[in-house]
There are 4 protein chains.
Amino acid sequence: MQALVYNGPGIKNVEDRAKPVVRMPGDAIVRITKTTICGTDLHILKGDVPTCLPGTVLGHEGVGIVDAVGAGVTTFKVGDPVLISCITACGRCDFCRRGMYSHCTTGGWILGNQIDGTQAEYVRVPYADTSLYPIPAGSDEEALVMLSDILPTGLECGVLNGKVQPGSTVAIVGSGPIGLAALLTAQFYAPSVMIMIDLDDNRLDVGRRFGATATVNSAAGDAAQQVMKLTDGRGVDTAIEAVGIPATFELCQAIVAAGGVIANVGVHGVKADLHLERLWSHNVTITTRLVDTTSIPMLLKTVQSRRIDAKQLITHRFKLGQILQAYETFGKASDTKALKVIIEA
Amino acid sequence: MQALVYNGPGIKNVEDRAKPVVRMPGDAIVRITKTTICGTDLHILKGDVPTCLPGTVLGHEGVGIVDAVGAGVTTFKVGDPVLISCITACGRCDFCRRGMYSHCTTGGWILGNQIDGTQAEYVRVPYADTSLYPIPAGSDEEALVMLSDILPTGLECGVLNGKVQPGSTVAIVGSGPIGLAALLTAQFYAPSVMIMIDLDDNRLDVGRRFGATATVNSAAGDAAQQVMKLTDGRGVDTAIEAVGIPATFELCQAIVAAGGVIANVGVHGVKADLHLERLWSHNVTITTRLVDTTSIPMLLKTVQSRRIDAKQLITHRFKLGQILQAYETFGKASDTKALKVIIEA
Amino acid sequence: MQALVYNGPGIKNVEDRAKPVVRMPGDAIVRITKTTICGTDLHILKGDVPTCLPGTVLGHEGVGIVDAVGAGVTTFKVGDPVLISCITACGRCDFCRRGMYSHCTTGGWILGNQIDGTQAEYVRVPYADTSLYPIPAGSDEEALVMLSDILPTGLECGVLNGKVQPGSTVAIVGSGPIGLAALLTAQFYAPSVMIMIDLDDNRLDVGRRFGATATVNSAAGDAAQQVMKLTDGRGVDTAIEAVGIPATFELCQAIVAAGGVIANVGVHGVKADLHLERLWSHNVTITTRLVDTTSIPMLLKTVQSRRIDAKQLITHRFKLGQILQAYETFGKASDTKALKVIIEA
Amino acid sequence: MQALVYNGPGIKNVEDRAKPVVRMPGDAIVRITKTTICGTDLHILKGDVPTCLPGTVLGHEGVGIVDAVGAGVTTFKVGDPVLISCITACGRCDFCRRGMYSHCTTGGWILGNQIDGTQAEYVRVPYADTSLYPIPAGSDEEALVMLSDILPTGLECGVLNGKVQPGSTVAIVGSGPIGLAALLTAQFYAPSVMIMIDLDDNRLDVGRRFGATATVNSAAGDAAQQVMKLTDGRGVDTAIEAVGIPATFELCQAIVAAGGVIANVGVHGVKADLHLERLWSHNVTITTRLVDTTSIPMLLKTVQSRRIDAKQLITHRFKLGQILQAYETFGKASDTKALKVIIEA
């Protein structure tokens with residue numbers, strides 16, 4: 001089968017690989033019908049993710065059809081259409097029982113990282129019963145690809161951790177795909193103010209189209225002042241960090257209201273300053289989270305009932321044979337204005 | 001009347017002051033029967049609290065008898081025994097309605113800071129209806145002085161923010177009065193492991209006496225490793241920071257388990273490093289809080305029903321006339337082993 | 001001044017009354033600009049509310065302008081536009097501190113019940129600081145009248161108690177004003193299914209217009225079966241009872257899913273059967289609540305930001321001089337299709 | 001092997017049965033070391049549980065040693081000491097993912113009901129990975145038998161659903177084993193008042209020994225008045241129903257405070273009156289629940305750390321060969337004063 005393989009920093013190739021087979025009783029083999037590329041895949045290609053060894057098939061998102069199941073699988077059978085979670089959950093360890101699938105002791109984010117992933121014709125999914133989700137008949141497959149990772153991430157790490165509430169004020173720092181996913185899912189909770197902050201006016205335009213009530217271009221260095229002005233000097237109830245660098249995390253500290261929450265979504269490579277000399281008495285909460293994807297069942301319902309239009313995030317479409325071109329397009333997002341690209345297998 | 005007055009950095013005097021009078025309809029004048037000294041009073045005396053101007057009577061804790069009330073006071077009458085909250089709450093601003101009395105727009109921590117405080121024969125308490133608490137008949141006054149500030153602080157900022165739960169593991173960094181207050185109130189929630197961490201063996205002994213299941217002397221620099229060993233490598237569900245310096249806050253980051261909480265109680269003067277490069281995917285929560293004292297009614301019930309022995313925190317007793325000596329004793333706690341000192345007015 | 005006075009069962013008159021005056025330091029006198037009629041007013045007129053004595057001015061909803069304040073009022077001054085809560089809250093008793101204003105020991109639902117109400121040119125509001133809400137400049141007054149009682153009731157007793165969540169299924173039994181208020185506010189939380197149940201097709205039409213995803217006419221006696229069919233046999237996550245009779249409460253028991261909530265909003269005159277022989281193992285929650293109006297600040301923000309169109313509930317408008325006619329229209333709602341009627345003073 | 005078999009209403013026999021074998025990849029066979037008898041077993045023997053067919057081995061509690069595992073079991077291996085949950089959870093259906101194991105679509109309460117149970121030398125446990133719990137080395141097996149059903153039931157259905165909090169007031173109606181389990185686990189949350197109510201003075205004595213702060217003998221018919229007196233007329237924050245008849249459920253309605261919770265634990269055979277004509281405005285919550293046993297991990301920690309002495313519930317001990325005598329003793333609890341009986345296999 002065709003697969004996109006990471007062959008060390010900066011090197012990716014489309015290779016011909018053997019079709020994966022069931023190894024454990026809980027495994028399922030899924031024939032991929034649609035997958036996509038994540039910002040994390042680019043991190044791997046930069047060499048930033050040491051757990052991902054050269055030779056690994058990339059990709060941790062996608063939908064497909066069950067092609068084979070191990071003897072222990074009880075929920076799925078061959079032919080079932082399924083959504084693949086980016087997080088593999090055994091469903092039985094202490095973390096899984098607490099809904100913290102991201103820290104599953106034998107799973108977590110392993111697809112396209114520690115084991116072969118979804119940017120291929122077939123993928124082996126361990127613990128299939130708790131790592132796949134049945135797709136309701138008549139679903140729009142493309143929309144559901146957004147439920148493998150990006151929407152749960154925006155929702156769980158940003159919106160739920162950020163305690164977005166009806167009438168509350170929210171600022172999202174970073175109007176890329178993940179910030180926009182937070183923006184879309186924040187609207188489940190009817191906040192009254194949603195401010196998108198970014199350096200790129202095009203991305204802010206997208207933010208406005210996706211429902212932002214205000215936008216702030218942070219290029220001029222006065223983003224904090226602008227947010228304060230937009231909130232009558234109070235700051236925001238929820239500041240969502242969706243970039244992953246010290247400057248944006250510190251901006252969140254400057255704009256969070258007393259009693260508010262900073263919900264970190266960004267992947268950080270270095271430490272940041274925490275201004276406890278000011279925040280110690282500010283009654284704030286700061287949260288971090290690797291997505292658990294426990295929200296997939298809820299997201300499936302909201303997509304089905306058209307409470308959210310997940311397809312808005314999709315800007316480009318490719319065939320699996322064009323996946324290098326898809327990477328090219330996704331990698332140069334500021335030029336191509338790519339958000340999420342669909343790859344049809 | 002006699003009062004302990006802050007007269008600028010390093011200077012405090014017992015002075016003869018005019019008895020305070022009702023100025024606003026919501027005011028009450030309380031004749032102090034018992035008060036105490038807080039670590040924050042020492043901060044003021046060092047000149048660290050710019051909101052406290054020279055000439056201010058210090059003190060924000062105490063119990064007493066209502067001596068006079070303004071026309072708008074409906075809950076209390078002359079002669080009522082009352083507990084004074086360290087936080088003055090108007091009960092009507094947005095913050096007060098949300099239970100965030102610490103950020104009351106016209107109150108908050110003002111006693112012994114922005115207005116004259118409780119280390120005197122009488123004190124004026126604004127918004128008396130929502131800043132005083134009736135004392136049940138037959139109460140032990142000394143125990144109740146611990147409810148003005150130190151127990152609510154340990155409970156709200158440490159235990160409640162830290163989400164201590166039955167069976168959970170807790171580490172408290174700092175075994176001073178405030179860390180011990182957290183230790184005492186943590187036991188409302190039956191955690192299975194309570195580790196006290198400090199540099200001072202005497203304080204650790206007190207911690208053990210107050211219920212700690214293990215202690216760690218951090219002098220050797222291996223506190224994190226010791227905590228990891230005590231928790232089978234998992235770290236603690238709740239790490240309570242009760243010191244207020246970068247090193248102890250960073251220790252909390254090193255020992256918090258995935259999915260855990262760092263609850264900051266300490267007063268910080270400088271920023272600290274936040275290791276987002278590790279914590280971004282660790283599903284942790286970090287909280288800060290200035291005490292709101294919303295827990296006083298609950299604490300009153302637990303003291304009444306002997307669920308907590310608040311008097312354990314009291315080590316010394318003085319008359320108001322000896323208050324300079326009380327400050328001396330409290331200020332040299334490492335020698336005197338003072339925790340809280342009672343001053344009888 | 002003109003006022004609508006309850007003069008015993010079945011008797012209401014427009015009378016000339018003395019303008020109210022400040023009696024307590026916490027009082028405000030409000031000049032009413034807009035008020036409305038509640039179903040509860042009709043209950044009083046039937047003689048069903050023994051706490052309301054003949055001679056009482058009716059009405060507990062409205063907006064107006066502050067005309068006078070007592071010495072203890074700190075939040076409002078003469079000339080301020082205000083929204084009147086149907087619940088008077090002292091802000092200082094145990095219940096108020098817990099946000100349970102409905103059970104305020106010296107307040108609660110007293111306006112137009114135990115003291116003169118808002119269907120008059122002026123009203124005296126006790127505990128003004130915690131019973132009135134400032135109206136933002138440029139607000140639509142008519143919309144805000146819906147925030148005195150009906151929207152907080154639908155939201156607090158129905159939606160919040162009912163734990164409506166994104167993707168969840170909701171059935172509302174009773175498509176009258178209060179059921180519709182629940183329907184409107186449920187949409188803050190993006191449920192995927194909202195089923196309105198009523199005997200009256202016209203009301204169900206309104207339900208559909210207000211956002212219901214399905215409607216069930218219960219006249220045929222098969223409402224439970226219809227709901228089960230609409231939910232693939234699972235029942236609903238939230239069943240909101242908005243009628244107040246045993247039959248509708250029992251319908252809720254028949255349609256609530258395992259793990260679901262029955263949120264009672266209706267005013268009941270007699271007991272109902274609770275089928276514990278079936279429900280004991282069904283993991284359900286049943287809630288009751290007299291509205292606390294703690295959600296008014298949140299509702300103000302959602303109205304301001306157009307997250308909700310509160311004016312949809314208004315069907316008729318009258319001058320204060322026409323209030324008997326307004327009662328006539330509101331009382332014959334099945335003919336007039338009246339939901340809420342605005343009375344301009 | 002020896003097993004206690006239900007052979008129709010009123011008939012139970014010790015029979016020789018074939019040792020169970022693994023049938024599904026998720027199964028484990030457990031050699032029972034200790035088991036016990038539950039009130040539900042007596043219900044089955046009366047013929048009250050139609051799902052339990054004649055020929056079924058009874059029992060749903062116990063600890064033992066893993067004797068065999070199916071190919072899909074990843075958490076346990078032969079020789080592991082394990083605790084058996086009374087609830088079998090697949091860990092993968094919608095209910096299990098929400099922690100509602102009691103309603104697992106292919107599990108739930110099936111042991112000793114729909115499939116053979118634990119009152120035997122061996123038992124087959126389906127979905128072993130999510131239905132068994134590892135026993136820490138050095139544990140007291142007898143104490144852990146109390147974690148299969150009775151303690152989780154008291155805790156989850158009574159204490160957690162009842163929202164017991166530090167300082168709160170609790171009444172438990174029914175001082176039998178299950179009411180006592182609620183009483184023991186309520187103490188995790190430091191309530192200030194715990195009132196046991198029963199008709200039997202001996203059971204009330206046990207209640208006092210287990211930590212009740214007051215007891216009420218309800219024989220005289222004035223239990224409600226006595227509770228009101230004990231709570232200064234306010235009623236209790238939490239009323240736990242641990243009997244299962246209309247009279248005790250109605251007593252809970254009479255004693256619950258405004259804003260309080262009635263947590264039903266009892267197994268009801270008939271409906272009860274719900275006094276909505278009084279409770280509609282009382283802001284109460286009523287909960288029902290079949291135990292999910294999601295609290296077993298937490299209970300294991302509290303038993304290990306001696307936060308609870310689970311063995312207090314054990315009054316008698318028998319060998320498996322004496323199980324008919326054990327039933328006799330347990331069935332005549334009012335004479336024998338039996339709470340829980342341990343049966344050693």
# chains A, B, ... in the order shown; residues from 1 in each chain; ligands from 1

$ select_by_dssp --residues "region 105-285 of chain D" --states "strand (DSSP E)" --output "PyMOL selection string"
chain D and resi 122-125+132-134+169-173+193-198+214-217+236-241+256-264+272-274+285

$ residues_around --residues "Asp309 (chain A)" --least-positions-apart "2" --cutoff "12 Å" --atoms "only C-alpha atoms" --output "ChimeraX atom specification"
/A:140,142-144,146-147,151,181,183-185,187-188,210-211,299-307,311-314

$ closest_atom_pairs --of "chain C" --to "chain D" --cutoff "8 Å" --atoms "only C-alpha atoms" --output "CSV"
residue,atom,partner,partner_atom,distance
C:Met100,CA,D:Gly259,CA,7.7
C:His103,CA,D:Ala258,CA,7.7
C:Ala258,CA,D:His103,CA,7.7
C:Gly259,CA,D:Met100,CA,7.7
C:Asn264,CA,D:Trp280,CA,7.1
C:Val265,CA,D:Trp280,CA,7.5
C:Gly266,CA,D:Trp280,CA,7.4
C:Val267,CA,D:Trp280,CA,6.3
C:His268,CA,D:Glu277,CA,4.8
C:Gly269,CA,D:Glu277,CA,4.7
C:Val270,CA,D:Glu277,CA,4.8
C:Lys271,CA,D:His275,CA,4.4
C:Ala272,CA,D:Leu274,CA,5.3
C:Asp273,CA,D:Asp273,CA,5.0
C:Leu274,CA,D:Ala272,CA,5.3
C:His275,CA,D:Lys271,CA,4.4
C:Leu276,CA,D:Lys271,CA,5.1
C:Glu277,CA,D:Gly269,CA,4.7
C:Arg278,CA,D:His268,CA,7.9
C:Leu279,CA,D:Thr288,CA,6.8
C:Trp280,CA,D:Thr288,CA,5.0
C:Ser281,CA,D:Leu290,CA,4.5
C:His282,CA,D:Arg289,CA,5.9
C:Asn283,CA,D:Arg289,CA,3.9
C:Val284,CA,D:Thr288,CA,5.4
C:Thr285,CA,D:Thr287,CA,4.4
C:Ile286,CA,D:Ile286,CA,5.0
C:Thr287,CA,D:Thr285,CA,4.4
C:Thr288,CA,D:Asn283,CA,4.9
C:Arg289,CA,D:Asn283,CA,3.9
C:Leu290,CA,D:Ser281,CA,4.4

$ write_last_selection --atoms "C-alpha atoms" --output "mmCIF file, in the first residue's frame"
data_model
loop_
_atom_site.group_PDB
_atom_site.id
_atom_site.type_symbol
_atom_site.label_atom_id
_atom_site.label_comp_id
_atom_site.auth_asym_id
_atom_site.auth_seq_id
_atom_site.Cartn_x
_atom_site.Cartn_y
_atom_site.Cartn_z
ATOM 1 C CA MET C 100 -30.351 31.179 46.687
ATOM 2 C CA HIS C 103 -35.190 31.834 49.868
ATOM 3 C CA ALA C 258 -31.045 6.730 32.265
ATOM 4 C CA GLY C 259 -28.620 9.258 33.678
ATOM 5 C CA ASN C 264 -39.335 20.998 37.254
ATOM 6 C CA VAL C 265 -40.367 24.558 36.433
ATOM 7 C CA GLY C 266 -44.143 24.282 36.815
ATOM 8 C CA VAL C 267 -46.055 25.516 39.878
ATOM 9 C CA HIS C 268 -47.760 22.459 41.333
ATOM 10 C CA GLY C 269 -50.932 22.509 43.429
ATOM 11 C CA VAL C 270 -51.066 18.804 44.247
ATOM 12 C CA LYS C 271 -48.645 15.922 44.744
ATOM 13 C CA ALA C 272 -47.592 13.638 41.912
ATOM 14 C CA ASP C 273 -46.665 9.978 41.698
ATOM 15 C CA LEU C 274 -42.965 9.261 41.601
ATOM 16 C CA HIS C 275 -42.293 5.893 40.025
ATOM 17 C CA LEU C 276 -39.390 4.857 42.180
ATOM 18 C CA GLU C 277 -40.161 1.216 41.454
ATOM 19 C CA ARG C 278 -38.701 1.937 38.007
ATOM 20 C CA LEU C 279 -36.553 5.002 38.575
ATOM 21 C CA TRP C 280 -34.609 3.849 41.660
ATOM 22 C CA SER C 281 -31.992 2.218 39.415
ATOM 23 C CA HIS C 282 -32.277 4.672 36.541
ATOM 24 C CA ASN C 283 -29.626 7.157 37.772
ATOM 25 C CA VAL C 284 -31.908 10.151 37.318
ATOM 26 C CA THR C 285 -31.956 13.540 38.968
ATOM 27 C CA ILE C 286 -35.115 15.522 39.676
ATOM 28 C CA THR C 287 -34.834 19.194 40.532
ATOM 29 C CA THR C 288 -37.209 21.873 41.737
ATOM 30 C CA ARG C 289 -36.498 25.579 42.015
ATOM 31 C CA LEU C 290 -38.069 28.892 42.585
#

$ residues_around --residues "Cys252 (chain D)" --least-positions-apart "3" --cutoff "7 Å" --atoms "only C-alpha atoms" --output "short mmCIF file (atom, residue, chain, number, x, y, z; two decimals) with N, CA and C atoms, in the first residue's frame"
data_model
loop_
_atom_site.label_atom_id
_atom_site.label_comp_id
_atom_site.auth_asym_id
_atom_site.auth_seq_id
_atom_site.Cartn_x
_atom_site.Cartn_y
_atom_site.Cartn_z
N ALA D 239 -30.53 14.28 52.70
CA ALA D 239 -31.31 13.20 53.29
C ALA D 239 -31.08 11.96 52.43
N GLU D 241 -31.96 8.15 51.63
CA GLU D 241 -32.99 7.14 51.81
C GLU D 241 -32.35 5.78 51.64
N THR D 248 -40.41 5.98 54.09
CA THR D 248 -39.09 6.55 54.36
C THR D 248 -38.71 7.59 53.30
N PHE D 249 -39.17 7.36 52.07
CA PHE D 249 -38.90 8.37 51.05
C PHE D 249 -39.67 9.65 51.35
N ILE D 255 -37.90 16.31 55.72
CA ILE D 255 -36.76 16.80 56.50
C ILE D 255 -35.69 17.49 55.66
N VAL D 256 -35.84 17.48 54.34
CA VAL D 256 -34.80 18.10 53.52
C VAL D 256 -34.95 19.62 53.58
N ILE D 262 -32.18 15.00 48.30
CA ILE D 262 -32.61 13.67 48.74
C ILE D 262 -31.91 12.66 47.83
#

$ select_by_dssp --residues "region 7-45 of chain B" --states "helix (DSSP H, G or I)" --output "list of chain:residue names"
B:Gly39, B:Thr40, B:Asp41, B:Leu42, B:His43, B:Ile44, B:Leu45

$ atom_distance --atom1 "CA of Ala68 (chain D)" --atom2 "CA of Lys340 (chain D)"
28.8 Å

$ residues_around --residues "Tyr122 (chain A)" --least-positions-apart "2" --cutoff "6 Å" --atoms "only C-alpha atoms" --output "count of residues only"
4

$ atom_distance --atom1 "CA of Arg234 (chain A)" --atom2 "CA of Thr169 (chain A)"
9.9 Å

$ residues_around --residues "region 55-57 of chain A" --least-positions-apart "2" --cutoff "9 Å" --atoms "only C-alpha atoms" --output "ChimeraX atom specification"
/A:3-8,52-53,59,111-120

$ closest_residue --among "C:Cys38, C:Cys104, C:Ile323, C:Met228" --to "Ile195 (chain C)" --atoms "only C-alpha atoms"
C:Met228

$ atom_distance --atom1 "CA of Ala257 (chain A)" --atom2 "CA of Val236 (chain A)"
5.1 Å

$ residues_around --residues "Ala242 (chain C)" --least-positions-apart "5" --cutoff "8 Å" --atoms "only C-alpha atoms" --output "JSON, numbers by chain"
{"C": [172, 173, 174, 175, 176, 178, 179, 264, 265, 266]}
